[in-house]
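File shown: target_25.tsv (TSV, C-alpha atoms and all ligand atoms).
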```tsv
chain	number	residue	atom	x	y	z
A	30	MET	CA	-27.88	-0.05	-13.02
A	31	VAL	CA	-25.90	2.72	-14.66
A	32	GLY	CA	-27.84	5.96	-14.33
A	33	LYS	CA	-27.61	8.83	-16.78
A	34	SER	CA	-26.74	11.76	-14.57
A	35	ALA	CA	-25.60	15.24	-15.49
A	36	VAL	CA	-24.06	18.40	-14.11
A	37	SER	CA	-24.86	21.65	-15.88
A	38	PRO	CA	-22.60	24.70	-15.87
A	39	ASN	CA	-24.01	27.80	-14.17
A	40	ILE	CA	-25.49	29.91	-16.95
A	41	PRO	CA	-27.83	32.90	-16.54
A	42	ARG	CA	-31.42	31.99	-17.42
A	43	SER	CA	-31.53	34.85	-19.92
A	44	THR	CA	-28.66	33.26	-21.87
A	45	VAL	CA	-30.38	29.86	-21.83
A	46	ARG	CA	-33.67	31.42	-22.97
A	47	GLU	CA	-31.89	33.31	-25.74
A	48	ALA	CA	-30.22	30.11	-26.98
A	49	LEU	CA	-33.19	27.72	-26.60
A	50	GLY	CA	-36.01	30.11	-27.39
A	51	PRO	CA	-39.25	31.04	-25.61
A	52	LYS	CA	-40.45	27.43	-25.23
A	53	VAL	CA	-37.75	26.59	-22.70
A	54	GLN	CA	-38.99	25.93	-19.16
A	55	PHE	CA	-36.98	26.06	-15.94
A	56	ASP	CA	-37.25	23.58	-13.04
A	57	ARG	CA	-40.02	21.70	-14.84
A	58	PRO	CA	-41.43	18.80	-12.74
A	59	LEU	CA	-40.84	15.51	-14.57
A	60	ALA	CA	-43.07	13.24	-12.47
A	61	PRO	CA	-46.25	14.04	-14.50
A	62	LEU	CA	-44.33	13.12	-17.67
A	63	THR	CA	-43.49	9.59	-16.50
A	64	SER	CA	-45.72	6.55	-16.03
A	65	TYR	CA	-44.30	6.05	-12.51
A	66	ARG	CA	-45.35	9.62	-11.59
A	67	THR	CA	-42.20	9.99	-9.48
A	68	GLY	CA	-38.97	11.99	-9.66
A	69	GLY	CA	-37.82	15.57	-9.40
A	70	PRO	CA	-37.60	18.46	-11.87
A	71	ALA	CA	-35.49	19.08	-14.96
A	72	LYS	CA	-33.25	22.14	-14.65
A	73	TYR	CA	-34.21	22.95	-18.26
A	74	PHE	CA	-37.02	21.46	-20.36
A	75	ILE	CA	-38.10	21.95	-23.95
A	76	PRO	CA	-40.71	20.20	-26.09
A	77	ALA	CA	-39.67	19.54	-29.72
A	78	GLY	CA	-42.67	19.38	-32.06
A	79	THR	CA	-40.71	19.45	-35.32
A	80	PRO	CA	-37.35	18.11	-36.55
A	81	GLU	CA	-36.13	21.72	-36.79
A	82	GLU	CA	-37.00	22.42	-33.13
A	83	LEU	CA	-35.25	19.21	-32.11
A	84	THR	CA	-32.09	20.04	-34.05
A	85	ALA	CA	-32.07	23.60	-32.73
A	86	ALA	CA	-32.37	22.36	-29.12
A	87	VAL	CA	-29.51	19.86	-29.55
A	88	THR	CA	-27.29	22.47	-31.22
A	89	ALA	CA	-27.99	25.07	-28.51
A	90	ALA	CA	-27.37	22.57	-25.69
A	91	ASN	CA	-24.05	21.58	-27.26
A	92	ARG	CA	-23.05	25.21	-27.67
A	93	LEU	CA	-23.81	26.00	-24.01
A	94	ARG	CA	-22.27	22.65	-22.90
A	95	ILE	CA	-25.51	21.69	-21.17
A	96	PRO	CA	-25.96	17.90	-20.95
A	97	PHE	CA	-29.26	16.80	-22.49
A	98	PHE	CA	-31.50	13.75	-22.37
A	99	ILE	CA	-34.35	12.76	-24.69
A	100	ILE	CA	-37.71	11.57	-23.43
A	101	GLY	CA	-40.80	10.30	-25.21
A	102	GLY	CA	-43.74	8.96	-23.20
A	103	GLY	CA	-41.67	8.44	-20.02
A	104	SER	CA	-43.01	4.90	-19.66
A	105	ASN	CA	-39.63	3.20	-19.27
A	106	LEU	CA	-38.00	5.79	-17.03
A	107	LEU	CA	-37.13	6.10	-13.36
A	108	VAL	CA	-36.20	9.74	-12.71
A	109	SER	CA	-34.20	10.56	-9.58
A	110	ASP	CA	-36.08	12.37	-6.82
A	111	ARG	CA	-33.38	15.04	-7.19
A	112	GLY	CA	-34.33	15.51	-10.82
A	113	TYR	CA	-32.02	16.03	-13.78
A	114	ASP	CA	-29.37	18.76	-13.80
A	115	GLY	CA	-29.50	19.33	-17.54
A	116	LEU	CA	-31.88	19.81	-20.45
A	117	ILE	CA	-34.75	17.38	-21.07
A	118	ILE	CA	-35.90	17.40	-24.69
A	119	ARG	CA	-39.34	15.82	-25.10
A	120	VAL	CA	-39.87	14.51	-28.64
A	121	GLU	CA	-43.38	15.50	-29.73
A	122	ILE	CA	-42.98	15.02	-33.50
A	123	ARG	CA	-46.23	13.39	-34.62
A	124	GLY	CA	-48.01	12.32	-37.81
A	125	MET	CA	-48.60	9.01	-39.61
A	126	ASN	CA	-48.80	8.45	-43.35
A	127	LEU	CA	-49.50	5.53	-45.63
A	128	VAL	CA	-46.84	6.11	-48.29
A	129	ASP	CA	-47.33	2.90	-50.25
A	130	GLU	CA	-49.75	-0.06	-50.11
A	131	THR	CA	-47.83	-1.58	-47.18
A	132	VAL	CA	-45.42	1.14	-46.03
A	133	VAL	CA	-46.16	3.57	-43.21
A	134	THR	CA	-44.10	6.51	-41.93
A	135	CYS	CA	-44.55	7.80	-38.42
A	136	GLY	CA	-43.18	10.66	-36.30
A	137	ALA	CA	-41.09	9.51	-33.33
A	138	GLY	CA	-43.31	11.32	-30.82
A	139	GLU	CA	-46.46	9.53	-31.93
A	140	ASP	CA	-48.03	7.15	-29.41
A	141	LEU	CA	-47.15	3.58	-30.34
A	142	MET	CA	-50.78	2.59	-29.75
A	143	ALA	CA	-51.92	5.25	-32.24
A	144	LEU	CA	-49.66	3.61	-34.82
A	145	VAL	CA	-51.10	0.17	-33.99
A	146	ASN	CA	-54.61	1.57	-34.56
A	147	PHE	CA	-53.57	3.36	-37.78
A	148	ALA	CA	-52.10	0.14	-39.23
A	149	ALA	CA	-55.25	-1.80	-38.27
A	150	GLU	CA	-57.43	0.88	-39.91
A	151	CYS	CA	-55.36	0.49	-43.12
A	152	SER	CA	-55.77	-3.35	-42.96
A	153	LEU	CA	-52.02	-3.74	-42.41
A	154	THR	CA	-50.68	-6.56	-40.27
A	155	GLY	CA	-47.36	-6.79	-38.38
A	156	LEU	CA	-47.86	-4.32	-35.52
A	157	GLU	CA	-50.47	-6.14	-33.46
A	158	PHE	CA	-47.83	-7.36	-30.98
A	159	ALA	CA	-47.33	-3.75	-29.85
A	160	ALA	CA	-50.94	-3.27	-28.72
A	161	GLY	CA	-50.93	-1.94	-25.18
A	162	ILE	CA	-47.20	-1.07	-25.01
A	163	TRP	CA	-47.04	2.40	-23.52
A	164	GLY	CA	-44.99	5.27	-24.86
A	165	THR	CA	-43.91	6.68	-28.18
A	166	VAL	CA	-42.61	5.19	-31.40
A	167	GLY	CA	-39.16	6.73	-30.72
A	168	GLY	CA	-38.94	5.14	-27.26
A	169	ALA	CA	-40.06	1.80	-28.70
A	170	LEU	CA	-37.31	1.89	-31.33
A	171	TYR	CA	-34.68	2.93	-28.79
A	172	GLY	CA	-35.41	-0.14	-26.65
A	173	ASN	CA	-36.62	-2.40	-29.48
A	174	ALA	CA	-39.86	-2.85	-27.56
A	175	GLY	CA	-41.57	-6.17	-27.97
A	176	ALA	CA	-44.23	-8.54	-26.69
A	177	TYR	CA	-46.24	-11.58	-27.73
A	178	GLY	CA	-43.60	-12.83	-30.17
A	179	GLY	CA	-42.99	-9.54	-32.01
A	180	GLU	CA	-40.40	-6.76	-31.76
A	181	MET	CA	-39.97	-3.38	-33.44
A	182	LYS	CA	-36.95	-4.70	-35.34
A	183	ASP	CA	-39.23	-7.04	-37.35
A	184	ILE	CA	-41.00	-4.16	-39.11
A	185	VAL	CA	-38.54	-1.24	-39.28
A	186	ARG	CA	-37.32	-0.34	-42.74
A	187	ARG	CA	-35.72	3.08	-42.26
A	188	VAL	CA	-35.14	5.53	-39.44
A	189	THR	CA	-34.52	9.26	-39.80
A	190	LEU	CA	-32.46	10.69	-36.98
A	191	VAL	CA	-30.39	13.54	-35.67
A	192	ASP	CA	-27.03	12.60	-34.21
A	193	SER	CA	-25.83	13.98	-30.88
A	194	ALA	CA	-23.93	16.75	-32.71
A	195	GLY	CA	-27.14	17.90	-34.43
A	196	TYR	CA	-26.64	16.40	-37.92
A	197	GLY	CA	-29.49	14.56	-39.65
A	198	LYS	CA	-29.36	11.26	-41.56
A	199	THR	CA	-31.56	8.36	-42.66
A	200	VAL	CA	-30.42	4.83	-41.84
A	201	ASP	CA	-31.66	1.28	-42.54
A	202	ASN	CA	-32.65	-1.54	-40.20
A	203	GLU	CA	-29.13	-3.01	-40.16
A	204	TYR	CA	-27.62	0.28	-38.90
A	205	CYS	CA	-29.92	0.12	-35.85
A	206	ARG	CA	-28.29	-3.16	-34.59
A	207	PHE	CA	-31.49	-4.17	-32.85
A	208	GLY	CA	-31.20	-6.81	-30.14
A	209	TYR	CA	-33.22	-7.89	-27.15
A	210	ARG	CA	-34.44	-4.55	-25.68
A	211	ASP	CA	-31.45	-3.02	-27.38
A	212	SER	CA	-30.41	-0.88	-30.34
A	213	CYS	CA	-27.35	1.08	-31.45
A	214	PHE	CA	-29.09	4.25	-30.26
A	215	LYS	CA	-28.15	3.31	-26.68
A	216	VAL	CA	-24.52	3.76	-27.71
A	217	THR	CA	-24.60	6.36	-30.49
A	218	GLY	CA	-26.95	8.81	-28.76
A	219	ASP	CA	-28.77	9.33	-32.09
A	220	ILE	CA	-32.22	10.86	-31.67
A	221	ILE	CA	-35.06	9.35	-33.67
A	222	ILE	CA	-37.24	11.77	-35.63
A	223	GLU	CA	-39.27	9.49	-37.86
A	224	ALA	CA	-39.45	5.82	-38.86
A	225	THR	CA	-40.66	3.92	-41.90
A	226	PHE	CA	-42.35	0.58	-41.29
A	227	GLN	CA	-42.83	-2.29	-43.72
A	228	LEU	CA	-46.10	-4.07	-42.96
A	229	ARG	CA	-48.20	-6.64	-44.89
A	230	LYS	CA	-51.72	-6.58	-46.27
A	231	GLY	CA	-54.08	-8.41	-43.92
A	232	ASP	CA	-57.69	-8.91	-43.00
A	233	LYS	CA	-59.02	-5.89	-41.11
A	234	VAL	CA	-61.34	-7.94	-38.87
A	235	ALA	CA	-58.61	-10.46	-38.00
A	236	ILE	CA	-56.13	-7.66	-37.20
A	237	GLY	CA	-58.67	-5.91	-34.97
A	238	SER	CA	-59.45	-9.17	-33.14
A	239	ARG	CA	-55.76	-9.87	-32.49
A	240	VAL	CA	-55.30	-6.34	-31.12
A	241	ASP	CA	-58.32	-6.78	-28.81
A	242	GLU	CA	-57.08	-10.22	-27.73
A	243	ILE	CA	-53.65	-8.83	-26.77
A	244	LEU	CA	-55.21	-5.89	-24.93
A	245	ALA	CA	-57.39	-8.31	-22.96
A	246	LEU	CA	-54.38	-10.49	-22.09
A	247	ARG	CA	-52.50	-7.40	-20.89
A	248	ALA	CA	-55.43	-6.19	-18.83
A	249	ARG	CA	-55.22	-9.44	-16.87
A	250	ARG	CA	-51.46	-9.27	-16.21
A	251	HIS	CA	-50.48	-5.59	-16.14
A	252	PRO	CA	-51.61	-2.73	-13.90
A	253	GLY	CA	-53.76	-0.68	-16.24
A	254	GLU	CA	-53.63	2.69	-14.54
A	255	GLY	CA	-50.11	3.45	-15.67
A	256	ASN	CA	-48.42	3.46	-12.28
A	257	SER	CA	-45.55	1.24	-13.41
A	258	ALA	CA	-42.97	1.09	-16.19
A	259	GLY	CA	-43.89	-2.41	-17.33
A	260	CYS	CA	-41.32	-5.12	-16.54
A	261	PHE	CA	-38.54	-3.76	-14.37
A	262	PHE	CA	-35.88	-6.36	-15.25
A	263	LYS	CA	-34.88	-7.97	-18.56
A	264	ASN	CA	-35.45	-11.66	-19.19
A	265	ILE	CA	-32.35	-13.84	-19.31
A	266	PRO	CA	-31.12	-15.22	-22.65
A	267	ASP	CA	-31.46	-19.03	-22.54
A	268	PRO	CA	-31.65	-21.11	-25.74
A	269	ASP	CA	-33.49	-23.94	-23.89
A	270	GLN	CA	-36.47	-21.72	-23.07
A	271	GLU	CA	-39.48	-20.71	-25.15
A	272	HIS	CA	-38.55	-17.62	-27.24
A	273	GLY	CA	-34.92	-18.16	-26.08
A	274	LYS	CA	-35.46	-16.32	-22.80
A	275	LEU	CA	-35.85	-17.33	-19.18
A	276	PRO	CA	-38.52	-14.95	-17.81
A	277	ALA	CA	-37.16	-12.75	-15.01
A	278	GLY	CA	-40.70	-12.78	-13.58
A	279	ARG	CA	-40.48	-16.53	-12.98
A	280	LEU	CA	-37.15	-16.22	-11.10
A	281	LEU	CA	-38.51	-13.31	-9.07
A	282	GLU	CA	-41.66	-15.23	-8.20
A	283	GLU	CA	-39.66	-18.29	-7.10
A	284	ALA	CA	-37.34	-16.03	-5.12
A	285	GLY	CA	-40.43	-14.94	-3.17
A	286	VAL	CA	-40.66	-11.25	-4.02
A	287	LYS	CA	-44.44	-11.11	-4.23
A	288	GLY	CA	-45.79	-9.18	-1.27
A	289	LEU	CA	-42.64	-7.09	-0.85
A	290	SER	CA	-42.86	-3.31	-0.64
A	291	VAL	CA	-40.73	-0.30	0.27
A	292	GLY	CA	-42.54	2.94	1.17
A	293	GLY	CA	-45.09	3.45	-1.59
A	294	ALA	CA	-43.48	0.99	-4.02
A	295	ALA	CA	-44.77	-2.58	-4.16
A	296	VAL	CA	-44.37	-5.70	-6.26
A	297	TYR	CA	-47.50	-6.03	-8.40
A	298	PRO	CA	-49.49	-8.99	-7.03
A	299	ASP	CA	-50.18	-10.48	-10.50
A	300	HIS	CA	-46.69	-10.13	-11.97
A	301	ALA	CA	-43.47	-10.44	-9.96
A	302	ASN	CA	-41.43	-8.42	-12.47
A	303	ILE	CA	-43.55	-5.28	-12.16
A	304	ILE	CA	-43.04	-2.65	-9.48
A	305	VAL	CA	-45.99	-0.32	-8.97
A	306	ASN	CA	-46.29	3.09	-7.38
A	307	THR	CA	-49.18	2.52	-4.98
A	308	GLY	CA	-49.79	6.27	-4.80
A	309	HIS	CA	-47.11	7.90	-2.69
A	310	ALA	CA	-43.87	6.21	-3.83
A	311	THR	CA	-40.64	8.09	-4.38
A	312	SER	CA	-38.18	7.00	-7.03
A	313	LYS	CA	-35.87	5.96	-4.19
A	314	ASP	CA	-38.57	3.61	-2.84
A	315	ILE	CA	-38.78	2.00	-6.29
A	316	ARG	CA	-34.98	1.78	-6.62
A	317	ASP	CA	-34.61	0.30	-3.10
A	318	LEU	CA	-37.32	-2.30	-3.76
A	319	ALA	CA	-35.66	-3.22	-7.08
A	320	ASP	CA	-32.35	-3.72	-5.23
A	321	ILE	CA	-34.01	-6.07	-2.72
A	322	MET	CA	-35.64	-8.05	-5.54
A	323	LYS	CA	-32.35	-8.27	-7.42
A	324	GLU	CA	-30.55	-9.50	-4.31
A	325	LYS	CA	-33.17	-12.20	-3.66
A	326	VAL	CA	-32.68	-13.60	-7.18
A	327	ARG	CA	-28.90	-13.42	-6.84
A	328	GLU	CA	-29.02	-15.31	-3.52
A	329	LYS	CA	-31.34	-18.06	-4.77
A	330	PHE	CA	-30.16	-18.56	-8.37
A	331	ALA	CA	-26.74	-16.82	-8.55
A	332	ILE	CA	-28.16	-14.75	-11.42
A	333	LEU	CA	-27.71	-10.98	-11.57
A	334	LEU	CA	-30.78	-9.39	-13.13
A	335	GLU	CA	-30.31	-6.44	-15.44
A	336	GLU	CA	-32.72	-3.51	-15.42
A	337	GLU	CA	-34.96	-2.87	-18.43
A	338	VAL	CA	-36.15	0.42	-16.93
A	339	ILE	CA	-33.81	3.36	-17.61
A	340	GLN	CA	-32.61	5.37	-14.64
A	341	LEU	CA	-32.10	9.11	-15.00
A	342	GLY	CA	-30.21	11.39	-12.61
A	343	GLU	CA	-28.34	10.79	-9.35
A	344	PHE	CA	-29.63	8.07	-6.98
B	1	LIG	C1	-48.05	-0.83	-18.42
B	1	LIG	C2	-46.79	-0.91	-19.26
B	1	LIG	C3	-46.55	-2.03	-20.05
B	1	LIG	C4	-45.38	-2.13	-20.81
B	1	LIG	N1	-45.19	-3.24	-21.60
B	1	LIG	C5	-44.08	-3.35	-22.36
B	1	LIG	C6	-43.89	-4.48	-23.22
B	1	LIG	O1	-44.71	-5.37	-23.31
B	1	LIG	N2	-42.76	-4.53	-23.96
B	1	LIG	C7	-41.81	-3.55	-23.91
B	1	LIG	O2	-40.79	-3.65	-24.64
B	1	LIG	N3	-41.95	-2.47	-23.09
B	1	LIG	C8	-43.06	-2.34	-22.32
B	1	LIG	N4	-43.22	-1.26	-21.48
B	1	LIG	C9	-42.15	-0.27	-21.34
B	1	LIG	C10	-42.32	0.95	-22.27
B	1	LIG	O3	-43.67	1.11	-22.63
B	1	LIG	C11	-41.47	0.82	-23.53
B	1	LIG	O4	-40.11	0.67	-23.19
B	1	LIG	C12	-41.65	2.04	-24.45
B	1	LIG	O5	-41.21	1.69	-25.72
B	1	LIG	C13	-40.91	3.28	-23.95
B	1	LIG	O6	-41.28	4.38	-24.80
B	1	LIG	P1	-41.33	5.86	-24.22
B	1	LIG	O7	-41.65	6.78	-25.35
B	1	LIG	O8	-42.21	5.93	-23.04
B	1	LIG	O9	-39.80	6.06	-23.82
B	1	LIG	P2	-39.24	6.88	-22.56
B	1	LIG	O10	-39.58	6.15	-21.31
B	1	LIG	O11	-39.61	8.30	-22.65
B	1	LIG	O12	-37.67	6.74	-22.82
B	1	LIG	C14	-37.06	5.47	-22.78
B	1	LIG	C15	-35.69	5.58	-23.46
B	1	LIG	O13	-35.90	5.84	-24.84
B	1	LIG	C16	-35.16	6.98	-25.25
B	1	LIG	N5	-35.94	7.68	-26.27
B	1	LIG	C17	-37.26	8.03	-26.21
B	1	LIG	N6	-37.62	8.64	-27.37
B	1	LIG	C18	-36.51	8.68	-28.15
B	1	LIG	C19	-36.22	9.22	-29.44
B	1	LIG	N7	-37.16	9.82	-30.18
B	1	LIG	N8	-34.97	9.07	-29.93
B	1	LIG	C20	-33.99	8.47	-29.20
B	1	LIG	N9	-34.20	7.96	-27.96
B	1	LIG	C21	-35.43	8.08	-27.44
B	1	LIG	C22	-34.99	7.81	-23.98
B	1	LIG	O14	-33.83	8.64	-24.05
B	1	LIG	C23	-34.84	6.73	-22.91
B	1	LIG	O15	-33.49	6.33	-22.83
B	1	LIG	C24	-44.40	-1.11	-20.74
B	1	LIG	C25	-44.64	0.02	-19.94
B	1	LIG	C26	-45.83	0.13	-19.22
B	1	LIG	C27	-46.05	1.35	-18.38
```

Written as structure tokens, how would this file's structure read?
Amino acid sequence: MVGKSAVSPNIPRSTVREALGPKVQFDRPLAPLTSYRTGGPAKYFIPAGTPEELTAAVTAANRLRIPFFIIGGGSNLLVSDRGYDGLIIRVEIRGMNLVDETVVTCGAGEDLMALVNFAAECSLTGLEFAAGIWGTVGGALYGNAGAYGGEMKDIVRRVTLVDSAGYGKTVDNEYCRFGYRDSCFKVTGDIIIEATFQLRKGDKVAIGSRVDEILALRARRHPGEGNSAGCFFKNIPDPDQEHGKLPAGRLLEEAGVKGLSVGGAAVYPDHANIIVNTGHATSKDIRDLADIMKEKVREKFAILLEEEVIQLGEF
């Protein structure tokens, strides 16, 4: 897996504070900001609660030549135990609005589950598939998060963003080039500020029941306590399979990974594609276990699994 690592120039803290403002933090532990609860600190950290704060942070980082990385809910991230030698910008831009009978806008830092609940409250259907997916709306758009037959790409109308140079623009669904757990943002480095979703009028009771049904299904298959990052590996495109994908979990199960562990990292007993932190895992334990799982699938099926979880920093 290609990790996003960084090396910052040596700059006096006073200069960094002057450029980034009083909200900047130094050597901020990242583990509490990830669902794995592992990993080291960020050399610099700043929360961005408004589009202006986000743009200012990006502009200052570029001016000081400090590499930066965006995080949302940290639920699809494996942060190196050595941390990140750059600036972490946490998108905390919130707020949801019903702007038309069936159109909703939402800040990128809003919890995806809050948006699911908001849509249900407004009797709007189309977002039920996302019930129980951890993280923020921005993170979900970045990876085109999906489950139970739905994906973010099905409902996105417009996205407002800031590019990596600090300029803002609003783009349509086509611009985003959504694919399976993929979007153009992985290449462009654009940062999502807000999104507009096109939903449909539905029956409030039926929407609520579908949300509850999906949450119940998840409770049976996923570790609820948030000590994982969901599925570690992507499914494999295969037109002969249901939904056009061969589940990585099935290959992993047949390759015999259940029961494996390294240090505090273990394969979740009910789902072979989930690695859990049993309480004292390091990110290296998780990475090493993932490598063993990957190798077992390669040996048995000659298939090289690709990580869905994003790795940050040096491993
Ligand atoms: C128990 C559990 C179950 C899960 N189930 C699913 C599932 O069913 N389907 C699924 O697809 N995923 C699932 N996931 C994975 C995860 O919830 C999603 O990938 C989620 O969308 C990540 O959002 P986040 O805000 O946590 O992103 P983060 O983990 O913070 O970041 C992930 C990536 O998104 C980028 N990013 C975040 N915010 C922005 C932004 N505003 N602009 C630009 N880039 C940004 C980051 O730079 C990073 O590269 C699950 C995770 C857990 C813990």

So that I can check the surroundings of Pro252 in chain A, please list as an mmCIF file with C-alpha atoms, in the coordinates of the input every protein, DNA and RNA residue that reaches within 12 Å of it, counting all atoms listed in the file and ignoring chain neighbours fewer than 4 positions away.
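Heads up, here's the output in out_30.cif:
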```
data_model
loop_
_atom_site.group_PDB
_atom_site.id
_atom_site.type_symbol
_atom_site.label_atom_id
_atom_site.label_comp_id
_atom_site.auth_asym_id
_atom_site.auth_seq_id
_atom_site.Cartn_x
_atom_site.Cartn_y
_atom_site.Cartn_z
ATOM 1 C CA SER A 64 -45.720 6.550 -16.030
ATOM 2 C CA TYR A 65 -44.300 6.050 -12.510
ATOM 3 C CA GLY A 161 -50.930 -1.940 -25.180
ATOM 4 C CA TRP A 163 -47.040 2.400 -23.520
ATOM 5 C CA LEU A 246 -54.380 -10.490 -22.090
ATOM 6 C CA ARG A 247 -52.500 -7.400 -20.890
ATOM 7 C CA ALA A 248 -55.430 -6.190 -18.830
ATOM 8 C CA ASN A 256 -48.420 3.460 -12.280
ATOM 9 C CA SER A 257 -45.550 1.240 -13.410
ATOM 10 C CA ALA A 258 -42.970 1.090 -16.190
ATOM 11 C CA GLY A 259 -43.890 -2.410 -17.330
ATOM 12 C CA CYS A 260 -41.320 -5.120 -16.540
ATOM 13 C CA ALA A 295 -44.770 -2.580 -4.160
ATOM 14 C CA VAL A 296 -44.370 -5.700 -6.260
ATOM 15 C CA TYR A 297 -47.500 -6.030 -8.400
ATOM 16 C CA PRO A 298 -49.490 -8.990 -7.030
ATOM 17 C CA ASP A 299 -50.180 -10.480 -10.500
ATOM 18 C CA HIS A 300 -46.690 -10.130 -11.970
ATOM 19 C CA ALA A 301 -43.470 -10.440 -9.960
ATOM 20 C CA ASN A 302 -41.430 -8.420 -12.470
ATOM 21 C CA ILE A 303 -43.550 -5.280 -12.160
ATOM 22 C CA ILE A 304 -43.040 -2.650 -9.480
ATOM 23 C CA VAL A 305 -45.990 -0.320 -8.970
ATOM 24 C CA ASN A 306 -46.290 3.090 -7.380
ATOM 25 C CA THR A 307 -49.180 2.520 -4.980
#
```

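The nearest approach to ligand LIG 1 (chain B) among the residues A:Gly69, A:Gly112, A:Gly208, A:Pro41, with only C-alpha atoms and all ligand atoms taken into account, belongs to A:Gly208.
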
Return as a Markdown table the residues of chain A lying at most 8 Å from ligand LIG 1 (chain B), together with the closest atom-to-atom pair for each and the distance in Å to one decimal, counting all atoms listed in the file, with rows in chain order and ascending residue number.
```
| residue | atom | partner | partner_atom | distance |
| --- | --- | --- | --- | --- |
| A:Thr63 | CA | B:LIG1 | O10 | 7.1 |
| A:Ser64 | CA | B:LIG1 | C27 | 5.7 |
| A:Tyr65 | CA | B:LIG1 | C27 | 7.7 |
| A:Phe98 | CA | B:LIG1 | O14 | 5.9 |
| A:Ile99 | CA | B:LIG1 | O14 | 4.2 |
| A:Ile100 | CA | B:LIG1 | O11 | 3.9 |
| A:Gly101 | CA | B:LIG1 | O11 | 3.5 |
| A:Gly102 | CA | B:LIG1 | O8 | 3.4 |
| A:Gly103 | CA | B:LIG1 | O11 | 3.3 |
| A:Ser104 | CA | B:LIG1 | O8 | 3.6 |
| A:Asn105 | CA | B:LIG1 | O10 | 3.6 |
| A:Leu106 | CA | B:LIG1 | O10 | 4.6 |
| A:Arg119 | CA | B:LIG1 | N6 | 7.7 |
| A:Val120 | CA | B:LIG1 | N7 | 5.6 |
| A:Ala137 | CA | B:LIG1 | N7 | 5.0 |
| A:Gly138 | CA | B:LIG1 | N7 | 6.4 |
| A:Asp140 | CA | B:LIG1 | O7 | 7.6 |
| A:Leu141 | CA | B:LIG1 | O5 | 7.8 |
| A:Ala159 | CA | B:LIG1 | O1 | 7.2 |
| A:Gly161 | CA | B:LIG1 | C3 | 6.7 |
| A:Ile162 | CA | B:LIG1 | N1 | 4.5 |
| A:Trp163 | CA | B:LIG1 | O3 | 3.7 |
| A:Gly164 | CA | B:LIG1 | O8 | 3.4 |
| A:Thr165 | CA | B:LIG1 | O7 | 3.6 |
| A:Val166 | CA | B:LIG1 | O7 | 6.3 |
| A:Gly167 | CA | B:LIG1 | N7 | 3.7 |
| A:Gly168 | CA | B:LIG1 | O6 | 3.5 |
| A:Ala169 | CA | B:LIG1 | O5 | 3.2 |
| A:Leu170 | CA | B:LIG1 | O5 | 6.8 |
| A:Tyr171 | CA | B:LIG1 | O13 | 5.1 |
| A:Gly172 | CA | B:LIG1 | O4 | 5.9 |
| A:Asn173 | CA | B:LIG1 | O2 | 6.5 |
| A:Ala174 | CA | B:LIG1 | O2 | 3.2 |
| A:Gly175 | CA | B:LIG1 | O2 | 4.2 |
| A:Ala176 | CA | B:LIG1 | O1 | 4.7 |
| A:Tyr177 | CA | B:LIG1 | O1 | 7.8 |
| A:Glu180 | CA | B:LIG1 | O2 | 7.8 |
| A:Leu190 | CA | B:LIG1 | N8 | 7.7 |
| A:Arg210 | CA | B:LIG1 | O2 | 6.5 |
| A:Phe214 | CA | B:LIG1 | C20 | 6.6 |
| A:Lys215 | CA | B:LIG1 | O15 | 7.2 |
| A:Gly218 | CA | B:LIG1 | C20 | 7.1 |
| A:Asp219 | CA | B:LIG1 | C20 | 6.0 |
| A:Ile220 | CA | B:LIG1 | N8 | 3.7 |
| A:Ile221 | CA | B:LIG1 | N8 | 3.8 |
| A:Ile222 | CA | B:LIG1 | N7 | 5.8 |
| A:Glu223 | CA | B:LIG1 | N7 | 8.0 |
| A:His251 | CA | B:LIG1 | C1 | 5.8 |
| A:Pro252 | CA | B:LIG1 | C1 | 6.1 |
| A:Gly253 | CA | B:LIG1 | C1 | 6.1 |
| A:Glu254 | CA | B:LIG1 | C1 | 7.7 |
| A:Gly255 | CA | B:LIG1 | C27 | 5.3 |
| A:Asn256 | CA | B:LIG1 | C27 | 6.9 |
| A:Ser257 | CA | B:LIG1 | C27 | 5.0 |
| A:Ala258 | CA | B:LIG1 | C27 | 3.8 |
| A:Gly259 | CA | B:LIG1 | C25 | 3.6 |
| A:Cys260 | CA | B:LIG1 | N4 | 6.6 |
| A:Glu337 | CA | B:LIG1 | O4 | 7.9 |
| A:Val338 | CA | B:LIG1 | O4 | 7.4 |
| A:Ile339 | CA | B:LIG1 | O15 | 6.0 |
```

Please identify all polymer residues within 6 Å of Val188 in chain A, counting only C-alpha atoms, omitting same-chain residues fewer than 2 positions from it, and present them as a short mmCIF file (atom, residue, chain, number, x, y, z; two decimals) with C-alpha atoms, in the frame of the given file.
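Final output, saved to out.cif:
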```cif
data_model
loop_
_atom_site.label_atom_id
_atom_site.label_comp_id
_atom_site.auth_asym_id
_atom_site.auth_seq_id
_atom_site.Cartn_x
_atom_site.Cartn_y
_atom_site.Cartn_z
CA THR A 199 -31.56 8.36 -42.66
CA VAL A 200 -30.42 4.83 -41.84
CA GLU A 223 -39.27 9.49 -37.86
CA ALA A 224 -39.45 5.82 -38.86
#
```

### Task
Can you pull out every residue within 9 Å of range 237-243 of chain A, counting all atoms listed in the file, but drop anything in the same chain fewer than 6 positions away, and send it as a list in words?
Val145, Asn146, Ala149, Glu150, Ser152, Leu156, Glu157, Phe158, Ala159, Ala160, Gly161 and Tyr177 of chain A

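Distances here use all atoms listed in the file; by that measure, the residue among A:Glu47, A:Ile118, A:Leu244, A:Lys230 closest to Met142 in chain A is A:Leu244.
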
### Message
When you count all atoms listed in the file, which of these residues is closest to Arg316 in chain A: A:Pro96, A:Pro76, A:Gly231, A:Gly68?
### Response
A:Gly68
